[in-house]
$ cat structure10.cif   # mmCIF, C-alpha atoms
data_entry
loop_
_atom_site.label_atom_id
_atom_site.label_comp_id
_atom_site.auth_asym_id
_atom_site.auth_seq_id
_atom_site.Cartn_x
_atom_site.Cartn_y
_atom_site.Cartn_z
CA MET A 6 6.83 -11.17 -8.22
CA THR A 7 6.33 -10.38 -4.53
CA LYS A 8 7.49 -7.17 -2.91
CA LEU A 9 7.99 -6.37 0.77
CA TYR A 10 8.45 -2.86 2.17
CA ALA A 11 9.83 -1.85 5.55
CA ILE A 12 10.14 1.08 7.89
CA TYR A 13 13.52 0.53 9.56
CA GLY A 14 12.94 1.70 13.12
CA ALA A 15 9.81 1.26 15.23
CA SER A 16 10.41 4.20 17.57
CA GLY A 17 8.52 7.50 17.39
CA CYS A 18 10.14 8.47 14.09
CA GLY A 19 9.24 5.17 12.47
CA ARG A 20 5.68 5.11 13.78
CA SER A 21 5.16 8.67 12.50
CA LEU A 22 6.40 7.72 9.03
CA MET A 23 4.36 4.53 8.69
CA PRO A 24 1.17 6.41 7.65
CA VAL A 25 3.25 8.29 5.06
CA ALA A 26 4.52 4.94 3.78
CA ARG A 27 0.96 3.64 3.48
CA GLN A 28 0.01 6.76 1.52
CA GLN A 29 2.93 6.17 -0.81
CA LEU A 30 1.83 2.64 -1.69
CA ALA A 31 -1.84 3.64 -1.95
CA ARG A 32 -0.98 6.31 -4.54
CA GLU A 33 0.86 3.66 -6.53
CA GLN A 34 -2.05 1.20 -6.13
CA ASN A 35 0.46 -1.17 -4.59
CA THR A 36 -1.05 -3.68 -2.13
CA SER A 37 2.27 -5.01 -0.81
CA GLU A 38 2.80 -5.39 2.92
CA ILE A 39 4.79 -2.86 4.97
CA VAL A 40 6.57 -4.11 8.10
CA PHE A 41 8.67 -2.52 10.82
CA ILE A 42 12.29 -3.54 11.32
CA ASP A 43 13.37 -3.32 14.97
CA ASP A 44 16.72 -4.87 15.82
CA ALA A 45 15.74 -5.16 19.49
CA LEU A 46 13.10 -7.79 18.73
CA ASP A 47 13.77 -11.50 19.20
CA SER A 48 10.51 -12.61 17.59
CA ILE A 49 7.86 -11.17 15.28
CA ALA A 50 5.57 -8.73 17.09
CA ALA A 51 2.90 -6.18 16.13
CA VAL A 52 3.36 -2.40 16.15
CA ASN A 53 0.46 -0.12 15.20
CA GLY A 54 -1.16 -2.91 13.23
CA HIS A 55 1.95 -3.90 11.26
CA ARG A 56 4.26 -6.87 11.68
CA ALA A 57 7.57 -5.94 13.35
CA MET A 58 10.71 -8.05 13.17
CA ASN A 59 14.48 -7.84 13.46
CA TYR A 60 16.66 -7.32 10.41
CA GLN A 61 17.63 -10.96 10.03
CA ALA A 62 13.99 -11.99 10.05
CA PHE A 63 13.30 -9.36 7.38
CA LEU A 64 16.09 -10.81 5.23
CA ASN A 65 14.54 -14.26 5.65
CA GLU A 66 11.10 -13.13 4.48
CA PRO A 67 10.09 -14.76 1.14
CA ALA A 68 9.90 -11.78 -1.22
CA SER A 69 11.64 -11.26 -4.55
CA GLU A 70 12.09 -7.51 -4.01
CA LYS A 71 12.60 -5.69 -0.72
CA TYR A 72 12.62 -1.97 0.04
CA ALA A 73 13.32 -0.03 3.24
CA GLN A 74 12.88 3.51 4.49
CA ILE A 75 15.37 4.23 7.30
CA ALA A 76 13.38 6.00 10.02
CA ILE A 77 16.34 6.71 12.31
CA ALA A 78 16.96 10.29 13.45
CA ASN A 79 20.71 9.85 13.97
CA SER A 80 22.21 10.46 10.52
CA ARG A 81 25.38 8.45 11.21
CA VAL A 82 23.30 5.42 12.09
CA ARG A 83 21.16 6.09 9.00
CA GLU A 84 24.28 5.96 6.83
CA LYS A 85 25.51 2.76 8.47
CA ILE A 86 22.15 1.08 7.88
CA ALA A 87 22.04 2.33 4.27
CA LEU A 88 25.39 0.67 3.60
CA ARG A 89 24.14 -2.58 5.16
CA LEU A 90 20.98 -2.52 3.07
CA GLU A 91 22.98 -1.92 -0.10
CA ALA A 92 25.31 -4.82 0.70
CA ASP A 93 22.32 -7.11 1.21
CA GLY A 94 20.55 -6.05 -1.99
CA ILE A 95 17.77 -4.14 -0.23
CA SER A 96 16.67 -0.99 -2.09
CA LEU A 97 16.30 2.35 -0.32
CA TRP A 98 12.71 3.56 -0.40
CA SER A 99 11.52 7.17 -0.69
CA ILE A 100 8.19 8.08 0.89
CA TYR A 101 6.27 11.31 0.33
CA ALA A 102 3.11 12.39 2.15
CA ASP A 103 0.02 13.06 0.04
CA ASN A 104 -0.04 16.78 0.77
CA ILE A 105 3.56 17.84 0.17
CA VAL A 106 4.28 20.63 -2.33
CA LEU A 107 6.89 19.70 -4.93
CA MET A 108 7.65 22.30 -7.60
CA ASP A 109 9.95 22.45 -10.67
CA GLN A 110 13.41 20.93 -11.10
CA ALA A 111 13.62 19.37 -7.63
CA ASP A 112 16.17 16.55 -7.77
CA ILE A 113 15.73 14.41 -4.64
CA ALA A 114 17.89 11.30 -4.21
CA ILE A 115 16.61 7.93 -3.05
CA GLY A 116 15.66 7.22 0.57
CA ALA A 117 13.95 10.55 1.34
CA ALA A 118 11.13 10.89 3.85
CA LEU A 119 8.92 13.95 3.32
CA SER A 120 6.33 14.30 6.07
CA PRO A 121 2.94 16.03 5.77
CA PHE A 122 2.91 19.74 4.83
CA VAL A 123 6.51 19.78 3.59
CA SER A 124 7.24 22.14 0.67
CA ILE A 125 10.13 21.70 -1.76
CA THR A 126 10.20 24.54 -4.27
CA SER A 127 12.17 24.98 -7.49
CA ASN A 128 15.71 24.26 -8.70
CA ILE A 129 16.80 22.23 -5.70
CA LYS A 130 19.20 19.29 -5.36
CA ILE A 131 18.91 17.01 -2.33
CA GLY A 132 21.11 14.02 -1.42
CA LYS A 133 20.07 10.58 -0.25
CA CYS A 134 18.17 9.71 2.91
CA PHE A 135 16.94 13.26 3.53
CA HIS A 136 14.39 13.59 6.34
CA ALA A 137 12.06 16.61 6.29
CA ASN A 138 9.62 16.63 9.16
CA LEU A 139 6.20 18.29 9.43
CA TYR A 140 5.77 21.82 8.02
CA SER A 141 9.39 22.19 6.86
CA TYR A 142 10.24 23.91 3.61
CA VAL A 143 13.18 24.23 1.23
CA GLU A 144 13.20 27.33 -0.98
CA HIS A 145 14.71 27.82 -4.44
CA ASP A 146 18.31 27.12 -5.49
CA CYS A 147 19.31 25.14 -2.42
CA VAL A 148 21.76 22.23 -2.40
CA ILE A 149 21.40 19.70 0.41
CA GLY A 150 23.82 16.83 1.00
CA ASP A 151 23.35 13.25 2.10
CA PHE A 152 21.77 12.19 5.42
CA VAL A 153 20.55 15.67 6.33
CA THR A 154 17.73 15.95 8.88
CA PHE A 155 15.12 18.69 9.27
CA ALA A 156 13.07 18.66 12.48
CA PRO A 157 9.50 20.05 12.28
CA GLY A 158 8.99 23.59 11.04
CA VAL A 159 12.42 24.28 9.53
CA LYS A 160 12.52 27.29 7.21
CA CYS A 161 15.34 26.83 4.71
CA ASN A 162 15.32 29.89 2.46
CA GLY A 163 16.86 30.29 -0.99
CA ASN A 164 20.51 29.90 -2.03
CA ILE A 165 21.56 27.78 0.94
CA HIS A 166 24.00 24.86 0.84
CA ILE A 167 23.64 22.27 3.61
CA GLU A 168 26.38 19.68 3.74
CA ASP A 169 26.18 15.98 4.66
CA HIS A 170 24.92 14.93 8.10
CA ALA A 171 23.79 18.40 9.19
CA TYR A 172 20.88 18.52 11.64
CA ILE A 173 18.47 21.47 11.63
CA GLY A 174 16.36 21.76 14.79
CA ALA A 175 12.65 22.41 15.10
CA GLY A 176 11.53 25.88 14.06
CA ALA A 177 14.96 27.01 12.93
CA VAL A 178 15.14 29.74 10.28
CA ILE A 179 18.06 29.93 7.84
CA LYS A 180 18.51 33.32 6.18
CA GLN A 181 18.57 33.42 2.40
CA GLY A 182 21.95 33.49 0.67
CA ILE A 183 22.75 35.06 -2.68
CA PRO A 184 23.46 33.21 -5.93
CA ASP A 185 27.22 33.77 -6.00
CA GLN A 186 27.62 33.51 -2.22
CA PRO A 187 25.25 30.91 -0.75
CA LEU A 188 24.92 30.59 3.01
CA VAL A 189 26.58 27.29 3.99
CA ILE A 190 25.72 24.94 6.84
CA GLY A 191 28.84 22.80 7.18
CA ARG A 192 29.13 19.03 7.31
CA GLY A 193 27.82 17.59 10.59
CA ALA A 194 26.75 20.98 11.93
CA VAL A 195 23.83 21.23 14.35
CA VAL A 196 21.40 24.14 14.26
CA GLY A 197 19.50 24.38 17.54
CA MET A 198 15.74 24.55 17.99
CA GLY A 199 14.36 27.97 17.08
CA ALA A 200 17.74 29.33 15.96
CA VAL A 201 17.85 32.17 13.44
CA VAL A 202 20.88 31.54 11.23
CA THR A 203 22.15 34.71 9.55
CA LYS A 204 25.61 33.57 8.44
CA SER A 205 27.42 30.39 7.45
CA VAL A 206 28.00 27.70 10.07
CA PRO A 207 31.35 25.83 10.14
CA ALA A 208 31.49 22.06 9.79
CA GLY A 209 30.83 20.27 13.07
CA ALA A 210 29.71 23.40 14.93
CA THR A 211 26.57 23.74 17.02
CA VAL A 212 24.73 27.06 16.83
CA ALA A 213 21.76 28.38 18.78
CA GLY A 214 19.92 31.61 19.51
CA ASN A 215 18.73 34.68 17.60
CA PRO A 216 20.93 35.50 15.85
CA ALA A 217 22.53 32.06 15.99
CA ARG A 218 25.97 31.89 17.59
CA ILE A 219 28.43 29.03 17.91
CA MET A 220 28.07 27.23 21.22
CA PRO A 221 31.24 26.34 23.12
CA ALA A 222 32.24 22.69 23.04
CA LYS A 223 31.22 20.71 26.10
CA GLN A 224 34.01 19.80 28.47
CA LYS A 225 34.64 16.08 28.72
#
$ encode --input "structure10.cif" --output "structure tokens"
Amino acid sequence: MTKLYAIYGASGCGRSLMPVARQQLAREQNTSEIVFIDDALDSIAAVNGHRAMNYQAFLNEPASEKYAQIAIANSRVREKIALRLEADGISLWSIYADNIVLMDQADIAIGAALSPFVSITSNIKIGKCFHANLYSYVEHDCVIGDFVTFAPGVKCNGNIHIEDHAYIGAGAVIKQGIPDQPLVIGRGAVVGMGAVVTKSVPAGATVAGNPARIMPAKQK
């Protein structure tokens, strides 16, 4: 039985996650090949020492089992690709760096990418295709939805609920909630780089600053 693994996306995000993917297979003593999928390619190329090909070429590869980690920062695109993979019988692939901290009762759905120095503490539930970049942490009793993205250095303290498709910018700090009144980051909300979030953020809102405030919508 042959297996083939892929990092979907050969941009900066994908190239950063490829070493994490290699670590994942090495821990499992799995010698299968990992390739890049890049839909802009017309023919097979090489990226950072790995074969790179478009999605159709990946589908045509002779392997009995195929797995893919979606290394795309845009969560809506990540969801669209996840649906395509599912329809084509390609399994989502979770990759964890060697030096992450993972404590008790952390339920993390398939398709996660946990970069080096990420910490996930206790009693946490995380949805599918979660991206946690370098030095981010999630503290106790948090619930995180599907297709959520943490940029580097995010500090997500305890009793916080983050809904689907939220994006938390680099260095942002989210104040701890309380058990019967968690702080909520709404669906599709964006927390700006370095923001200090002290209260719940409505769905679709963008917040920035210290303390974080809702930014006015841009005029079209």
$ closest_residue --input "structure10.cif" --among "A:Cys147, A:Ala213, A:Ile12, A:Leu90" --to "Gln186 in chain A" --atoms "all atoms listed in the file"
A:Cys147
$ atom_distance --input "structure10.cif" --atom1 "CA of Glu38 in chain A" --atom2 "CA of Leu9 in chain A"
5.7 Å
$ resolve_selection --input "structure10.cif" --expression "the PyMOL selection byres ((chain A and resi 139) around 7)" --output "CSV table (one decimal) with C-alpha atoms, in the coordinates of the input"
chain,number,residue,atom,x,y,z
A,120,SER,CA,6.3,14.3,6.1
A,121,PRO,CA,2.9,16.0,5.8
A,122,PHE,CA,2.9,19.7,4.8
A,123,VAL,CA,6.5,19.8,3.6
A,137,ALA,CA,12.1,16.6,6.3
A,138,ASN,CA,9.6,16.6,9.2
A,140,TYR,CA,5.8,21.8,8.0
A,141,SER,CA,9.4,22.2,6.9
A,157,PRO,CA,9.5,20.0,12.3
A,158,GLY,CA,9.0,23.6,11.0
$ closest_residue --input "structure10.cif" --among "A:Pro24, A:Gly17, A:Gly214, A:Gly163" --to "Tyr101 in chain A" --atoms "all atoms listed in the file"
A:Pro24
$ closest_residue --input "structure10.cif" --among "A:Ala26, A:Ile179, A:Ala222, A:Ala62" --to "Gly116 in chain A" --atoms "all atoms listed in the file"
A:Ala26
$ closest_residue --input "structure10.cif" --among "A:Gly197, A:Pro67, A:Gly191, A:Gly54" --to "Gly176 in chain A" --atoms "only C-alpha atoms"
A:Gly197
$ closest_residue --input "structure10.cif" --among "A:Ala194, A:Ile129, A:Ala208, A:Leu64" --to "Asn164 in chain A" --atoms "all atoms listed in the file"
A:Ile129
$ resolve_selection --input "structure10.cif" --expression "the PyMOL selection byres ((chain A and resi 71) around 8)" --output "ChimeraX atom specification"
/A:8-11,68-70,72-73,95-96
$ residues_near_point --input "structure10.cif" --point "(20.4, 33.4, 11.1)" --cutoff "7 Å" --atoms "all atoms listed in the file" --output "ChimeraX atom specification"
/A:178-180,200-204,215-217
$ resolve_selection --input "structure10.cif" --expression "the PyMOL selection byres ((chain A and resi 136) around 10)" --output "short mmCIF file (atom, residue, chain, number, x, y, z; two decimals) with C-alpha atoms, in the coordinates of the input"
data_model
loop_
_atom_site.label_atom_id
_atom_site.label_comp_id
_atom_site.auth_asym_id
_atom_site.auth_seq_id
_atom_site.Cartn_x
_atom_site.Cartn_y
_atom_site.Cartn_z
CA ILE A 75 15.37 4.23 7.30
CA ALA A 76 13.38 6.00 10.02
CA ILE A 77 16.34 6.71 12.31
CA ALA A 78 16.96 10.29 13.45
CA SER A 80 22.21 10.46 10.52
CA SER A 99 11.52 7.17 -0.69
CA ILE A 100 8.19 8.08 0.89
CA GLY A 116 15.66 7.22 0.57
CA ALA A 117 13.95 10.55 1.34
CA ALA A 118 11.13 10.89 3.85
CA LEU A 119 8.92 13.95 3.32
CA SER A 120 6.33 14.30 6.07
CA LYS A 133 20.07 10.58 -0.25
CA CYS A 134 18.17 9.71 2.91
CA PHE A 135 16.94 13.26 3.53
CA ALA A 137 12.06 16.61 6.29
CA ASN A 138 9.62 16.63 9.16
CA LEU A 139 6.20 18.29 9.43
CA SER A 141 9.39 22.19 6.86
CA ASP A 151 23.35 13.25 2.10
CA PHE A 152 21.77 12.19 5.42
CA VAL A 153 20.55 15.67 6.33
CA THR A 154 17.73 15.95 8.88
CA PHE A 155 15.12 18.69 9.27
CA ALA A 156 13.07 18.66 12.48
CA TYR A 172 20.88 18.52 11.64
#
$ axis_aligned_box --input "structure10.cif" --around "range 189-193 of chain A" --padding-each-side "3 Å" --output "AutoDock Vina command-line options"
--center_x 27.4 --center_y 22.4 --center_z 7.3 --size_x 9.4 --size_y 15.7 --size_z 12.6
$ atom_distance --input "structure10.cif" --atom1 "CA of Asn79 in chain A" --atom2 "CA of Ala171 in chain A"
10.3 Å
$ residues_near_point --input "structure10.cif" --point "(8.0, -11.3, 11.1)" --cutoff "7 Å" --atoms "only C-alpha atoms" --output "mmCIF file with C-alpha atoms, in the coordinates of the input"
data_model
loop_
_atom_site.group_PDB
_atom_site.id
_atom_site.type_symbol
_atom_site.label_atom_id
_atom_site.label_comp_id
_atom_site.auth_asym_id
_atom_site.auth_seq_id
_atom_site.Cartn_x
_atom_site.Cartn_y
_atom_site.Cartn_z
ATOM 1 C CA ILE A 49 7.860 -11.170 15.280
ATOM 2 C CA ALA A 50 5.570 -8.730 17.090
ATOM 3 C CA ARG A 56 4.260 -6.870 11.680
ATOM 4 C CA ALA A 57 7.570 -5.940 13.350
ATOM 5 C CA MET A 58 10.710 -8.050 13.170
ATOM 6 C CA ALA A 62 13.990 -11.990 10.050
ATOM 7 C CA PHE A 63 13.300 -9.360 7.380
#
$ atom_distance --input "structure10.cif" --atom1 "CA of Arg218 in chain A" --atom2 "CA of Glu168 in chain A"
18.5 Å
$ closest_residue --input "structure10.cif" --among "A:Ile183, A:Ile165, A:Ile219, A:Ile173" --to "Gly199 in chain A" --atoms "all atoms listed in the file"
A:Ile173
$ residues_around --input "structure10.cif" --residues "Ala15 in chain A" --least-positions-apart "6" --cutoff "7 Å" --atoms "all atoms listed in the file" --output "list in words"
Phe41, Ile42 and Asp43 of chain A
$ decode --input "structure10.cif" --residues "range 65-85 of chain A" --atoms "N, CA and C atoms" --output "PDB file, in the first residue's frame"
ATOM      1  N   ASN A  65      -3.545  12.344 -10.199  1.00  0.00           N
ATOM      2  CA  ASN A  65      -3.102  11.308 -11.135  1.00  0.00           C
ATOM      3  C   ASN A  65      -1.934  10.480 -10.600  1.00  0.00           C
ATOM      4  N   GLU A  66      -1.342  10.896  -9.503  1.00  0.00           N
ATOM      5  CA  GLU A  66      -0.208  10.161  -8.949  1.00  0.00           C
ATOM      6  C   GLU A  66      -0.646   8.759  -8.510  1.00  0.00           C
ATOM      7  N   PRO A  67       0.179   7.730  -8.760  1.00  0.00           N
ATOM      8  CA  PRO A  67      -0.195   6.356  -8.413  1.00  0.00           C
ATOM      9  C   PRO A  67       0.060   6.045  -6.941  1.00  0.00           C
ATOM     10  N   ALA A  68      -0.905   6.355  -6.097  1.00  0.00           N
ATOM     11  CA  ALA A  68      -0.814   6.030  -4.670  1.00  0.00           C
ATOM     12  C   ALA A  68      -2.185   5.560  -4.209  1.00  0.00           C
ATOM     13  N   SER A  69      -2.207   4.582  -3.322  1.00  0.00           N
ATOM     14  CA  SER A  69      -3.484   4.042  -2.858  1.00  0.00           C
ATOM     15  C   SER A  69      -4.141   4.918  -1.801  1.00  0.00           C
ATOM     16  N   GLU A  70      -3.331   5.700  -1.071  1.00  0.00           N
ATOM     17  CA  GLU A  70      -3.862   6.627  -0.071  1.00  0.00           C
ATOM     18  C   GLU A  70      -3.172   7.973  -0.230  1.00  0.00           C
ATOM     19  N   LYS A  71      -3.961   9.037  -0.178  1.00  0.00           N
ATOM     20  CA  LYS A  71      -3.408  10.384  -0.327  1.00  0.00           C
ATOM     21  C   LYS A  71      -3.917  11.270   0.800  1.00  0.00           C
ATOM     22  N   TYR A  72      -3.020  12.135   1.277  1.00  0.00           N
ATOM     23  CA  TYR A  72      -3.309  13.024   2.403  1.00  0.00           C
ATOM     24  C   TYR A  72      -2.803  14.419   2.065  1.00  0.00           C
ATOM     25  N   ALA A  73      -3.505  15.453   2.550  1.00  0.00           N
ATOM     26  CA  ALA A  73      -3.074  16.823   2.259  1.00  0.00           C
ATOM     27  C   ALA A  73      -3.298  17.725   3.461  1.00  0.00           C
ATOM     28  N   GLN A  74      -2.301  18.555   3.721  1.00  0.00           N
ATOM     29  CA  GLN A  74      -2.384  19.656   4.667  1.00  0.00           C
ATOM     30  C   GLN A  74      -2.569  20.931   3.854  1.00  0.00           C
ATOM     31  N   ILE A  75      -3.610  21.707   4.163  1.00  0.00           N
ATOM     32  CA  ILE A  75      -3.936  22.893   3.372  1.00  0.00           C
ATOM     33  C   ILE A  75      -3.215  24.097   3.955  1.00  0.00           C
ATOM     34  N   ALA A  76      -2.122  24.483   3.333  1.00  0.00           N
ATOM     35  CA  ALA A  76      -1.278  25.573   3.830  1.00  0.00           C
ATOM     36  C   ALA A  76      -1.643  26.886   3.130  1.00  0.00           C
ATOM     37  N   ILE A  77      -2.884  27.287   3.311  1.00  0.00           N
ATOM     38  CA  ILE A  77      -3.425  28.505   2.699  1.00  0.00           C
ATOM     39  C   ILE A  77      -3.925  29.400   3.828  1.00  0.00           C
ATOM     40  N   ALA A  78      -3.429  30.633   3.885  1.00  0.00           N
ATOM     41  CA  ALA A  78      -3.776  31.518   4.995  1.00  0.00           C
ATOM     42  C   ALA A  78      -5.250  31.926   4.967  1.00  0.00           C
ATOM     43  N   ASN A  79      -5.795  32.149   3.785  1.00  0.00           N
ATOM     44  CA  ASN A  79      -7.190  32.580   3.663  1.00  0.00           C
ATOM     45  C   ASN A  79      -8.118  31.432   4.050  1.00  0.00           C
ATOM     46  N   SER A  80      -8.872  31.613   5.130  1.00  0.00           N
ATOM     47  CA  SER A  80      -9.669  30.500   5.666  1.00  0.00           C
ATOM     48  C   SER A  80     -10.808  30.102   4.735  1.00  0.00           C
ATOM     49  N   ARG A  81     -11.350  31.051   3.978  1.00  0.00           N
ATOM     50  CA  ARG A  81     -12.433  30.706   3.041  1.00  0.00           C
ATOM     51  C   ARG A  81     -11.904  29.821   1.923  1.00  0.00           C
ATOM     52  N   VAL A  82     -10.716  30.122   1.452  1.00  0.00           N
ATOM     53  CA  VAL A  82     -10.091  29.277   0.433  1.00  0.00           C
ATOM     54  C   VAL A  82      -9.758  27.915   1.033  1.00  0.00           C
ATOM     55  N   ARG A  83      -9.296  27.904   2.290  1.00  0.00           N
ATOM     56  CA  ARG A  83      -8.999  26.647   2.969  1.00  0.00           C
ATOM     57  C   ARG A  83     -10.236  25.751   3.020  1.00  0.00           C
ATOM     58  N   GLU A  84     -11.380  26.340   3.340  1.00  0.00           N
ATOM     59  CA  GLU A  84     -12.617  25.567   3.399  1.00  0.00           C
ATOM     60  C   GLU A  84     -12.992  25.027   2.020  1.00  0.00           C
ATOM     61  N   LYS A  85     -12.871  25.858   1.009  1.00  0.00           N
ATOM     62  CA  LYS A  85     -13.211  25.431  -0.358  1.00  0.00           C
ATOM     63  C   LYS A  85     -12.333  24.254  -0.781  1.00  0.00           C
TER      64      LYS A  85
END
